[in-house]
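Data from start_19.txt: compact mmCIF, C-alpha atoms and all ligand atoms
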```txt
# COMPACT_ATOMS: atom_id res chain seq x y z
CA MET A 1 217.27 155.93 81.23
CA THR A 2 219.14 152.65 81.44
CA VAL A 3 217.81 149.91 83.63
CA ALA A 4 220.40 148.00 85.57
CA THR A 5 219.60 144.34 85.29
CA GLN A 6 220.72 141.92 87.92
CA THR A 7 222.24 138.99 86.10
CA ARG A 8 224.12 136.08 87.56
CA PRO A 9 227.62 135.76 86.07
CA SER A 10 226.83 132.36 84.59
CA GLU A 11 223.93 133.88 82.65
CA ILE A 12 225.73 136.75 80.96
CA PHE A 13 228.88 134.75 80.58
CA THR A 14 228.89 132.06 77.94
CA SER A 15 232.33 131.70 76.51
CA ALA A 16 235.72 133.40 76.58
CA CYS A 17 237.56 131.36 73.94
CA THR A 18 238.28 133.56 70.95
CA LYS A 19 240.46 131.81 68.34
CA LEU A 20 243.18 129.27 67.65
CA VAL A 21 246.75 130.59 67.57
CA SER A 22 249.85 128.88 66.18
CA LYS A 23 252.46 128.08 68.83
CA GLU A 24 255.15 129.18 66.34
CA GLY A 25 254.59 132.47 64.55
CA GLY A 26 251.22 133.29 66.09
CA THR A 27 249.08 132.93 62.95
CA GLU A 28 245.40 132.99 63.96
CA TYR A 29 242.64 130.60 62.93
CA PRO A 30 238.92 130.27 63.69
CA LEU A 31 237.76 127.78 66.36
CA LYS A 32 237.30 124.85 63.93
CA ALA A 33 238.43 121.22 63.89
CA ILE A 34 242.02 121.98 62.85
CA HIS A 35 245.19 121.38 64.84
CA ILE A 36 248.25 122.38 62.80
CA CYS A 37 249.40 125.75 61.47
CA GLU A 38 249.44 125.74 57.65
CA GLU A 39 252.55 127.91 57.58
CA THR A 40 254.82 126.51 60.30
CA PHE A 41 253.21 123.09 60.93
CA ALA A 42 253.26 123.98 64.64
CA PRO A 43 250.41 122.92 66.95
CA LEU A 44 247.47 125.30 67.37
CA GLU A 45 246.38 126.43 70.81
CA VAL A 46 243.13 127.99 72.06
CA ALA A 47 243.28 131.69 73.05
CA TYR A 48 240.89 133.41 75.49
CA ASP A 49 239.70 136.87 76.41
CA TYR A 50 241.22 137.03 79.91
CA ASP A 51 239.74 140.48 80.61
CA LEU A 52 236.29 138.99 80.15
CA ILE A 53 237.14 136.11 82.49
CA ARG A 54 238.58 138.50 85.08
CA ARG A 55 235.35 140.52 85.08
CA HIS A 56 233.07 137.54 85.60
CA VAL A 57 234.97 134.81 87.42
CA THR A 58 235.88 134.81 91.10
CA ARG A 59 236.79 132.10 93.61
CA GLU A 60 233.15 132.24 94.72
CA THR A 61 231.64 131.75 91.26
CA ILE A 62 233.94 128.78 90.73
CA GLN A 63 233.01 127.26 94.10
CA ALA A 64 229.32 127.73 93.31
CA GLY A 65 229.77 125.76 90.08
CA PRO A 66 229.39 122.01 89.55
CA ASN A 67 231.60 119.52 91.41
CA SER A 68 233.41 118.63 88.17
CA ILE A 69 235.84 120.11 85.65
CA TRP A 70 232.98 122.31 84.40
CA ARG A 71 233.33 124.64 87.39
CA TYR A 72 236.26 126.01 85.31
CA ARG A 73 234.26 126.26 82.09
CA ALA A 74 235.25 129.92 81.58
CA PHE A 75 238.76 128.60 80.90
CA LEU A 76 237.62 125.76 78.63
CA PRO A 77 237.12 125.90 74.84
CA VAL A 78 233.36 125.41 74.56
CA GLU A 79 230.83 127.94 73.32
CA GLY A 80 227.38 126.68 74.34
CA ASN A 81 225.71 125.29 77.43
CA ASP A 82 225.26 121.70 76.29
CA LEU A 83 228.10 120.30 78.41
CA ILE A 84 228.91 116.61 78.75
CA ASP A 85 229.19 116.32 82.52
CA VAL A 86 229.67 112.76 83.76
CA GLY A 87 231.28 113.90 87.00
CA THR A 88 234.77 114.16 85.57
CA GLY A 89 237.33 115.93 87.75
CA MET A 90 237.50 117.19 91.36
CA THR A 91 239.47 114.08 92.28
CA PRO A 92 241.12 113.98 95.72
CA LEU A 93 244.31 115.85 96.51
CA VAL A 94 245.71 113.68 99.29
CA LYS A 95 248.23 115.01 101.79
CA SER A 96 250.77 112.22 101.96
CA ARG A 97 251.95 111.10 105.38
CA ARG A 98 253.52 107.66 105.11
CA LEU A 99 255.03 108.02 101.61
CA ALA A 100 256.27 111.50 102.52
CA ARG A 101 257.96 110.13 105.66
CA ARG A 102 259.48 107.24 103.70
CA LEU A 103 260.96 109.69 101.19
CA GLY A 104 261.88 112.34 103.75
CA LEU A 105 259.52 115.00 102.37
CA LYS A 106 257.52 117.40 104.54
CA ASN A 107 254.87 118.65 102.11
CA LEU A 108 254.00 115.96 99.59
CA TYR A 109 250.57 115.72 97.97
CA ILE A 110 249.13 113.07 95.67
CA LYS A 111 246.64 114.23 93.02
CA ASN A 112 244.65 111.04 92.62
CA ASP A 113 243.20 110.72 89.11
CA ALA A 114 243.23 106.93 89.54
CA VAL A 115 239.66 107.51 90.74
CA ASN A 116 238.57 109.93 88.02
CA MET A 117 235.13 109.42 86.46
CA PRO A 118 233.95 107.62 84.44
CA THR A 119 236.97 105.47 83.45
CA LEU A 120 239.56 105.92 86.23
CA SER A 121 242.20 107.97 84.44
CA PHE A 122 243.05 111.60 83.77
CA LYS A 123 241.95 111.07 80.13
CA ASP A 124 238.32 111.56 81.23
CA ARG A 125 239.19 115.27 81.56
CA VAL A 126 240.44 115.76 78.02
CA VAL A 127 237.69 113.62 76.51
CA SER A 128 234.84 115.39 78.34
CA VAL A 129 236.08 118.65 76.83
CA ALA A 130 236.87 117.25 73.37
CA LEU A 131 233.49 115.52 72.94
CA THR A 132 231.54 118.54 74.17
CA ARG A 133 233.36 120.59 71.53
CA ALA A 134 232.96 117.81 68.91
CA ARG A 135 229.19 117.97 69.37
CA GLU A 136 229.25 121.77 69.06
CA LEU A 137 231.17 121.44 65.80
CA GLY A 138 228.57 119.00 64.46
CA PHE A 139 230.49 115.71 64.55
CA THR A 140 228.40 112.56 64.92
CA THR A 141 231.30 110.06 64.92
CA VAL A 142 234.24 110.43 67.28
CA SER A 143 237.52 108.58 67.32
CA CYS A 144 241.03 108.51 68.77
CA ALA A 145 244.51 107.02 68.52
CA SER A 146 245.06 105.59 71.96
CA THR A 147 247.63 103.95 74.25
CA GLY A 148 244.67 102.49 76.20
CA ASN A 149 243.17 104.96 78.62
CA LEU A 150 242.08 107.36 75.89
CA ALA A 151 240.12 104.56 74.17
CA ASN A 152 238.39 103.74 77.50
CA SER A 153 237.42 107.36 77.98
CA THR A 154 236.36 108.12 74.42
CA ALA A 155 234.22 104.98 74.23
CA ALA A 156 232.54 105.60 77.61
CA ILE A 157 231.81 109.28 77.18
CA ALA A 158 230.71 108.84 73.54
CA ALA A 159 228.27 106.19 74.78
CA HIS A 160 226.92 108.62 77.37
CA ALA A 161 226.58 111.39 74.77
CA GLY A 162 225.06 109.11 72.11
CA LEU A 163 227.90 109.65 69.61
CA ASP A 164 229.13 106.93 67.25
CA CYS A 165 232.63 105.83 68.22
CA CYS A 166 235.53 104.04 66.54
CA VAL A 167 238.82 103.81 68.43
CA PHE A 168 242.30 102.71 67.35
CA ILE A 169 244.72 100.96 69.74
CA PRO A 170 247.98 99.02 69.44
CA SER A 171 246.99 95.33 69.40
CA ASP A 172 249.34 94.40 72.30
CA LEU A 173 247.60 96.48 75.03
CA GLU A 174 246.83 95.15 78.52
CA ALA A 175 243.67 93.01 78.76
CA GLY A 176 242.02 95.42 81.23
CA LYS A 177 242.40 98.34 78.84
CA ILE A 178 240.88 96.40 75.92
CA LEU A 179 237.97 95.04 77.97
CA GLY A 180 237.44 98.50 79.48
CA THR A 181 236.86 99.81 75.97
CA LEU A 182 234.81 96.95 74.48
CA ILE A 183 232.20 97.07 77.24
CA TYR A 184 230.91 100.39 75.83
CA ASN A 185 230.45 98.70 72.45
CA PRO A 186 232.37 101.02 70.12
CA THR A 187 234.17 99.79 67.02
CA VAL A 188 237.70 98.87 68.16
CA MET A 189 240.54 98.70 65.64
CA ALA A 190 243.48 96.79 67.17
CA VAL A 191 246.41 97.79 64.96
CA LYS A 192 249.41 95.46 64.59
CA GLY A 193 251.95 98.14 65.42
CA ASN A 194 253.03 100.60 68.11
CA TYR A 195 251.25 103.81 69.13
CA ASP A 196 253.20 105.98 66.69
CA GLN A 197 252.07 103.76 63.83
CA VAL A 198 248.48 103.86 65.12
CA ASN A 199 248.68 107.64 65.21
CA ARG A 200 249.99 107.91 61.64
CA LEU A 201 247.17 105.68 60.40
CA CYS A 202 244.61 107.81 62.25
CA CYS A 203 245.93 111.00 60.59
CA GLU A 204 245.21 109.38 57.22
CA VAL A 205 241.76 108.17 58.29
CA GLY A 206 240.96 111.63 59.68
CA ASN A 207 241.73 113.25 56.35
CA THR A 208 239.24 111.03 54.50
CA TYR A 209 236.42 110.31 56.92
CA GLY A 210 235.40 113.59 58.52
CA TRP A 211 235.39 112.08 62.01
CA GLY A 212 236.25 113.97 65.17
CA PHE A 213 239.56 112.52 66.36
CA VAL A 214 239.87 113.78 69.92
CA ASN A 215 243.68 113.85 69.89
CA ILE A 216 244.20 114.82 66.23
CA ASN A 217 241.84 117.32 64.57
CA LEU A 218 240.21 118.14 67.95
CA ARG A 219 243.56 118.22 69.77
CA PRO A 220 243.54 121.98 70.56
CA TYR A 221 240.25 121.47 72.51
CA TYR A 222 241.20 118.06 73.95
CA SER A 223 244.51 119.27 75.38
CA GLU A 224 242.86 122.22 77.18
CA GLY A 225 241.07 119.68 79.40
CA SER A 226 244.39 118.93 81.12
CA LYS A 227 244.52 122.48 82.50
CA THR A 228 241.92 121.36 85.04
CA LEU A 229 244.67 119.27 86.70
CA GLY A 230 246.32 122.61 87.45
CA PHE A 231 243.14 124.49 88.42
CA GLU A 232 242.00 121.81 90.87
CA VAL A 233 245.34 121.56 92.65
CA ALA A 234 245.49 125.36 93.03
CA GLU A 235 241.95 125.44 94.43
CA GLN A 236 242.51 122.39 96.68
CA LEU A 237 245.70 123.94 98.11
CA GLY A 238 243.54 126.88 99.26
CA TRP A 239 244.02 129.04 96.15
CA GLN A 240 247.79 128.72 96.04
CA LEU A 241 250.26 127.17 93.63
CA PRO A 242 252.60 124.39 94.77
CA ASP A 243 256.41 124.73 94.62
CA HIS A 244 257.10 121.61 92.61
CA VAL A 245 255.09 119.37 90.28
CA VAL A 246 256.02 115.84 89.20
CA ALA A 247 253.96 114.48 86.28
CA PRO A 248 254.27 111.70 83.71
CA LEU A 249 255.13 112.50 80.08
CA ALA A 250 253.75 110.68 77.06
CA SER A 251 253.11 113.30 74.34
CA GLY A 252 254.08 115.99 76.88
CA SER A 253 250.64 117.57 76.65
CA LEU A 254 249.28 117.22 80.19
CA TYR A 255 252.61 118.37 81.68
CA THR A 256 252.62 121.62 79.67
CA LYS A 257 248.91 122.23 80.23
CA ILE A 258 249.20 122.07 84.03
CA TYR A 259 251.59 125.00 83.60
CA LYS A 260 249.14 126.85 81.33
CA GLY A 261 246.40 126.33 83.93
CA PHE A 262 248.56 127.81 86.72
CA GLN A 263 249.51 130.78 84.50
CA GLU A 264 245.88 131.51 83.67
CA PHE A 265 244.85 131.51 87.34
CA VAL A 266 247.63 134.00 88.04
CA LYS A 267 246.67 136.12 85.02
CA VAL A 268 243.07 136.60 86.17
CA GLY A 269 244.02 137.14 89.81
CA LEU A 270 242.68 133.90 91.32
CA VAL A 271 246.03 132.92 92.88
CA PRO A 272 249.23 134.81 93.73
CA ASP A 273 252.13 134.31 91.33
CA LYS A 274 254.82 131.81 92.25
CA ALA A 275 257.75 130.10 90.55
CA VAL A 276 256.63 126.46 90.21
CA ARG A 277 259.23 123.85 89.25
CA PHE A 278 258.05 121.28 86.70
CA SER A 279 259.59 117.80 86.75
CA GLY A 280 258.63 115.06 84.31
CA ALA A 281 258.65 111.24 84.45
CA GLN A 282 259.27 108.75 81.63
CA ALA A 283 259.88 105.01 81.44
CA GLU A 284 263.43 104.20 80.34
CA GLY A 285 262.03 101.95 77.59
CA CYS A 286 260.41 105.02 76.02
CA SER A 287 262.22 108.13 77.19
CA PRO A 288 262.88 110.41 74.22
CA ILE A 289 262.20 113.58 76.24
CA ALA A 290 264.29 112.50 79.26
CA ALA A 291 267.17 111.61 76.91
CA ALA A 292 267.05 115.05 75.24
CA PHE A 293 266.96 116.68 78.67
CA LYS A 294 269.96 114.69 79.89
CA GLU A 295 272.00 115.38 76.77
CA GLY A 296 271.14 119.08 76.70
CA ARG A 297 269.51 118.82 73.27
CA ASP A 298 266.67 121.12 72.18
CA PHE A 299 265.13 118.53 69.87
CA VAL A 300 263.51 115.20 70.69
CA ALA A 301 264.77 112.19 68.69
CA PRO A 302 261.98 109.60 68.17
CA VAL A 303 262.47 106.13 69.74
CA LYS A 304 260.79 102.72 69.45
CA PRO A 305 258.93 102.04 72.74
CA ASN A 306 259.69 98.95 74.80
CA THR A 307 258.31 99.21 78.34
CA ILE A 308 255.54 97.93 80.62
CA ALA A 309 254.34 101.56 80.94
CA LYS A 310 252.28 101.28 77.78
CA SER A 311 249.95 104.20 78.54
CA ILE A 312 252.87 106.64 78.30
CA ALA A 313 254.77 104.82 75.54
CA ILE A 314 254.83 107.48 72.83
CA GLY A 315 258.09 107.33 70.87
CA ASN A 316 257.49 110.53 68.89
CA PRO A 317 255.88 112.97 71.36
CA ALA A 318 253.91 115.84 69.78
CA ASP A 319 254.65 118.28 72.60
CA GLY A 320 258.11 116.97 73.47
CA VAL A 321 260.02 120.19 72.74
CA TYR A 322 257.56 122.26 74.75
CA ALA A 323 257.94 119.87 77.70
CA LEU A 324 261.74 120.18 77.46
CA GLU A 325 261.52 123.96 77.38
CA LEU A 326 259.21 123.99 80.41
CA ALA A 327 261.47 121.75 82.54
CA ARG A 328 264.48 123.92 81.74
CA LYS A 329 262.88 127.30 82.28
CA THR A 330 261.28 126.30 85.60
CA ASN A 331 264.43 124.65 86.98
CA GLY A 332 262.80 121.19 86.98
CA HIS A 333 264.12 117.80 85.82
CA ILE A 334 263.01 115.11 83.42
CA GLU A 335 264.05 111.65 84.57
CA SER A 336 263.48 108.08 83.46
CA VAL A 337 263.19 104.83 85.44
CA THR A 338 263.43 101.13 84.57
CA ASP A 339 260.48 98.75 84.43
CA ALA A 340 261.66 97.19 87.71
CA GLU A 341 261.65 100.62 89.36
CA ILE A 342 258.15 101.26 87.94
CA ILE A 343 256.82 98.09 89.62
CA GLU A 344 258.52 99.16 92.87
CA GLY A 345 256.88 102.58 92.49
CA MET A 346 253.42 101.02 92.12
CA LYS A 347 253.98 98.86 95.22
CA LEU A 348 255.41 101.76 97.23
CA LEU A 349 252.38 104.01 96.58
CA ALA A 350 249.97 101.16 97.35
CA GLU A 351 251.71 100.15 100.60
CA THR A 352 252.14 103.67 101.95
CA GLU A 353 249.03 105.52 100.76
CA GLY A 354 246.50 102.84 99.83
CA ILE A 355 246.41 103.99 96.21
CA PHE A 356 246.65 101.37 93.49
CA THR A 357 247.96 103.09 90.38
CA GLU A 358 248.88 101.76 86.97
CA THR A 359 252.33 101.71 85.41
CA ALA A 360 252.24 105.45 84.55
CA GLY A 361 251.70 106.27 88.23
CA GLY A 362 254.47 103.82 89.16
CA THR A 363 256.73 105.77 86.80
CA THR A 364 255.84 109.06 88.50
CA ILE A 365 256.45 107.70 92.01
CA ALA A 366 259.75 106.05 90.98
CA VAL A 367 260.94 109.32 89.42
CA LEU A 368 259.81 111.25 92.51
CA LYS A 369 261.93 108.91 94.65
CA LYS A 370 264.90 109.21 92.30
CA LEU A 371 264.73 113.02 92.34
CA VAL A 372 264.52 113.10 96.14
CA GLU A 373 267.50 110.75 96.47
CA ALA A 374 269.50 112.93 94.06
CA GLY A 375 268.73 116.01 96.17
CA LYS A 376 266.68 117.55 93.37
CA ILE A 377 263.55 118.05 95.48
CA ASP A 378 263.80 120.15 98.62
CA PRO A 379 262.12 118.39 101.61
CA GLU A 380 260.31 121.63 102.49
CA GLU A 381 258.87 122.24 99.01
CA THR A 382 255.14 121.75 98.52
CA THR A 383 255.36 118.97 95.95
CA VAL A 384 252.45 117.50 94.00
CA ALA A 385 252.81 114.08 92.33
CA TYR A 386 250.17 113.50 89.65
CA ILE A 387 248.79 109.94 89.66
CA THR A 388 247.02 109.65 86.32
CA GLY A 389 245.63 106.11 86.06
CA ASN A 390 244.29 103.06 87.93
CA GLY A 391 246.20 99.86 88.71
CA LEU A 392 243.25 97.54 88.10
CA LYS A 393 243.74 98.20 84.37
CA THR A 394 247.37 97.00 84.26
CA GLN A 395 247.27 93.96 86.54
CA GLU A 396 249.75 91.96 84.45
CA ALA A 397 252.48 94.48 85.33
CA VAL A 398 252.58 93.39 88.99
CA GLN A 399 251.61 89.74 88.55
CA GLY A 400 254.35 87.66 90.17
CA TYR A 401 255.78 90.64 92.11
CA ILE A 402 253.24 90.67 94.94
CA GLY A 403 252.30 88.23 97.70
CA GLU A 404 249.81 85.39 97.48
CA PRO A 405 246.76 84.63 99.63
CA LEU A 406 247.25 81.95 102.30
CA LEU A 407 245.01 79.02 101.37
CA ILE A 408 243.40 77.49 104.45
CA ASP A 409 240.64 75.11 105.49
CA PRO A 410 237.54 76.63 107.08
CA LYS A 411 238.89 75.65 110.53
CA LEU A 412 240.41 77.71 113.32
CA ASP A 413 243.54 75.54 113.67
CA SER A 414 244.23 75.80 109.94
CA PHE A 415 244.05 79.59 110.24
CA GLU A 416 246.35 79.58 113.29
CA ARG A 417 248.97 77.40 111.61
CA ALA A 418 248.92 79.63 108.52
CA LEU A 419 249.24 82.75 110.64
CA GLU A 420 252.20 81.27 112.53
CA ARG A 421 253.88 80.26 109.23
CA SER A 422 253.46 83.74 107.77
CA ARG A 423 254.86 85.36 110.92
CA THR A 424 257.87 83.06 110.87
CA LEU A 425 258.43 83.92 107.22
CA GLU A 426 258.19 87.62 108.01
CA ARG A 427 260.76 87.21 110.82
CA LEU A 428 263.09 85.34 108.45
CA GLU A 429 262.74 88.10 105.86
CA TRP A 430 263.60 90.67 108.51
CA GLN A 431 266.63 88.66 109.60
CA GLN A 432 267.77 88.58 105.98
CA VAL A 433 267.38 92.35 105.78
CA LEU A 434 269.39 92.76 108.97
CA VAL A 435 272.37 90.51 108.12
C1 LIG B 501 247.88 109.51 78.33
C2 LIG B 501 248.41 109.33 79.68
C3 LIG B 501 249.44 110.16 80.20
C4 LIG B 501 250.20 111.19 79.42
O1 LIG B 501 249.52 112.05 78.62
P1 LIG B 501 250.18 113.14 77.66
O2 LIG B 501 249.30 114.31 77.83
O3 LIG B 501 250.13 112.56 76.28
O4 LIG B 501 251.61 113.41 78.07
C5 LIG B 501 249.81 109.96 81.52
N1 LIG B 501 249.24 109.01 82.29
C6 LIG B 501 248.27 108.22 81.84
C7 LIG B 501 247.71 107.18 82.75
C8 LIG B 501 247.82 108.34 80.51
O5 LIG B 501 246.85 107.54 80.09
```
Output the file's structure in the form of structure tokens.
Ligand SMILES: *Cc1c(COP(=O)(O)O)cnc(C)c1O
Amino acid sequence: MTVATQTRPSEIFTSACTKLVSKEGGTEYPLKAIHICEETFAPLEVAYDYDLIRRHVTRETIQAGPNSIWRYRAFLPVEGNDLIDVGTGMTPLVKSRRLARRLGLKNLYIKNDAVNMPTLSFKDRVVSVALTRARELGFTTVSCASTGNLANSTAAIAAHAGLDCCVFIPSDLEAGKILGTLIYNPTVMAVKGNYDQVNRLCCEVGNTYGWGFVNINLRPYYSEGSKTLGFEVAEQLGWQLPDHVVAPLASGSLYTKIYKGFQEFVKVGLVPDKAVRFSGAQAEGCSPIAAAFKEGRDFVAPVKPNTIAKSIAIGNPADGVYALELARKTNGHIESVTDAEIIEGMKLLAETEGIFTETAGGTTIAVLKKLVEAGKIDPEETTVAYITGNGLKTQEAVQGYIGEPLLIDPKLDSFERALERSRTLERLEWQQVLV
């Protein structure tokens, strides 16, 4: 006689990840700290047993899970139960009213990772996953090649997990990004060079030192964390996919992983299938993917970055060709905007929605505006703009482009004179707009 045991899904279900698979050729590898196929040099990607997930995961089991990315742990590449959960994920999906009206859109949403935990950018997602996996694989020192936000995240979450940490950044990063790393007391290597040079150096260091580089030898695990940007939006829209996504592109990883997240939810029956259009945003001063898209090329020619949008300034993007492919097959667009437009984008989002984003978010909003003006986004489409980082970290970008406080004496008449002056100025500005 067999005894039926009542077991909660979370108890019988530990892990559904099965292996690493090459994105070109499909060669399979074990779930180790490797990231490139030995035969084709293509990136490796984590594969899962979707039948297992389908049997154990429902909307209800997800909703009963933690209020963080780990509610989707069945879809994440970890094997044990020792999760690093610092409250990452489940950031607000804001229905836009004033920005939507300004742009003439009816169904615009802002996914606000400017308030992600613990370091106010989407990178907290990928790092929470990568460091959980790093610990499972036995690493005691973790590292990364960063454009700023990744260093913040790796340093903070390594501190929380008690891992040794050494991060590599370009030496010319914004002050807020450097300070926001140093406070966690990791070793910080400020490299005299751009991100692509930092990355090359880190590949060499990784080969010799046996460290867990979150975006190099741990990249297959790291990049899976971005799928949660897709899962959350689907859940927050009431278990539906949007019609159109606009996201920033640096390496192209997060953009392609949002797609993978949507596909997985469809595959296991959590949401109905839908054709989602994927549009991507780059800064003109570093727009190798947008240039390839515009010129109809199927390869991405590396460029030397020169833009205020430093967090997305990757001249030689690892997932560039996959991003190109995705934009084309989903009928999306990849556009670039100037630094001046990026600043305008930051101000526009702040003034209409009360969200202060960094330069990457300014890039996304400026591209959103450009696509709407070019008739490439239908006003009726449910459109989600992904805001991936916080403006307090890139203050120098808007310095000199915003107003100043009115300096007054602690006296009522001083206040009244200042108020009158500012109103007169406002009227004059309006008159200038009108003539
Ligand atoms: C890293 C980063 C991105 C882009 O990430 P990729 O996955 O490399 O394309 C976008 N926005 C912000 C704020 C980032 O820090």
Contacts of A:Tyr209 at 12 Å (only C-alpha atoms; same-chain gap of 6+ positions) as number ranges by chain
A: 139-143, 166, 202-203, 217
Using only C-alpha atoms and all ligand atoms, determine which residues fall within 6 Å of ligand LIG 501 (chain B), then list them as a PyMOL selection string.
chain A and resi 121+149+248-254+311-312+360+388-389
Give as a count of residues only every residue, naming chains and numbers as the document does, that has an atom within 8 Å of (241.7, 118.6, 78.6), counting all atoms listed in the file.
16
Distance atom CA of A:Thr256-atom CA of A:Ala159, one decimal place?
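Distance reported for this atom pair: 29.2 Å.
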Closest to A:Thr181 among A:Leu241, A:Leu31, A:Lys257, A:Lys393, using only C-alpha atoms?
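With only C-alpha atoms as the atom set, the closest residue is A:Lys393.
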Would you pick out the contacts of A:Ile342 at 10 Å or less, using only C-alpha atoms, so that residues sharing its chain but fewer than 2 positions from it are not included, and give the list as a PyMOL selection string?
chain A and resi 282-284+307-309+336-340+344-348+358-367+397-398
Please determine the residues with any atom at most 10 Å from (242.7, 123.2, 68.0) (coordinates as given in the file, with only C-alpha atoms counting) and report them as number ranges by chain.
A: 19-22, 29-37, 43-47, 77, 130, 215-224
Considering all atoms listed in the file, state which residue in the set A:Ala385, A:Ala155, A:Ala64, A:Ala281 is at the smallest distance from A:Asn107.
A:Ala385
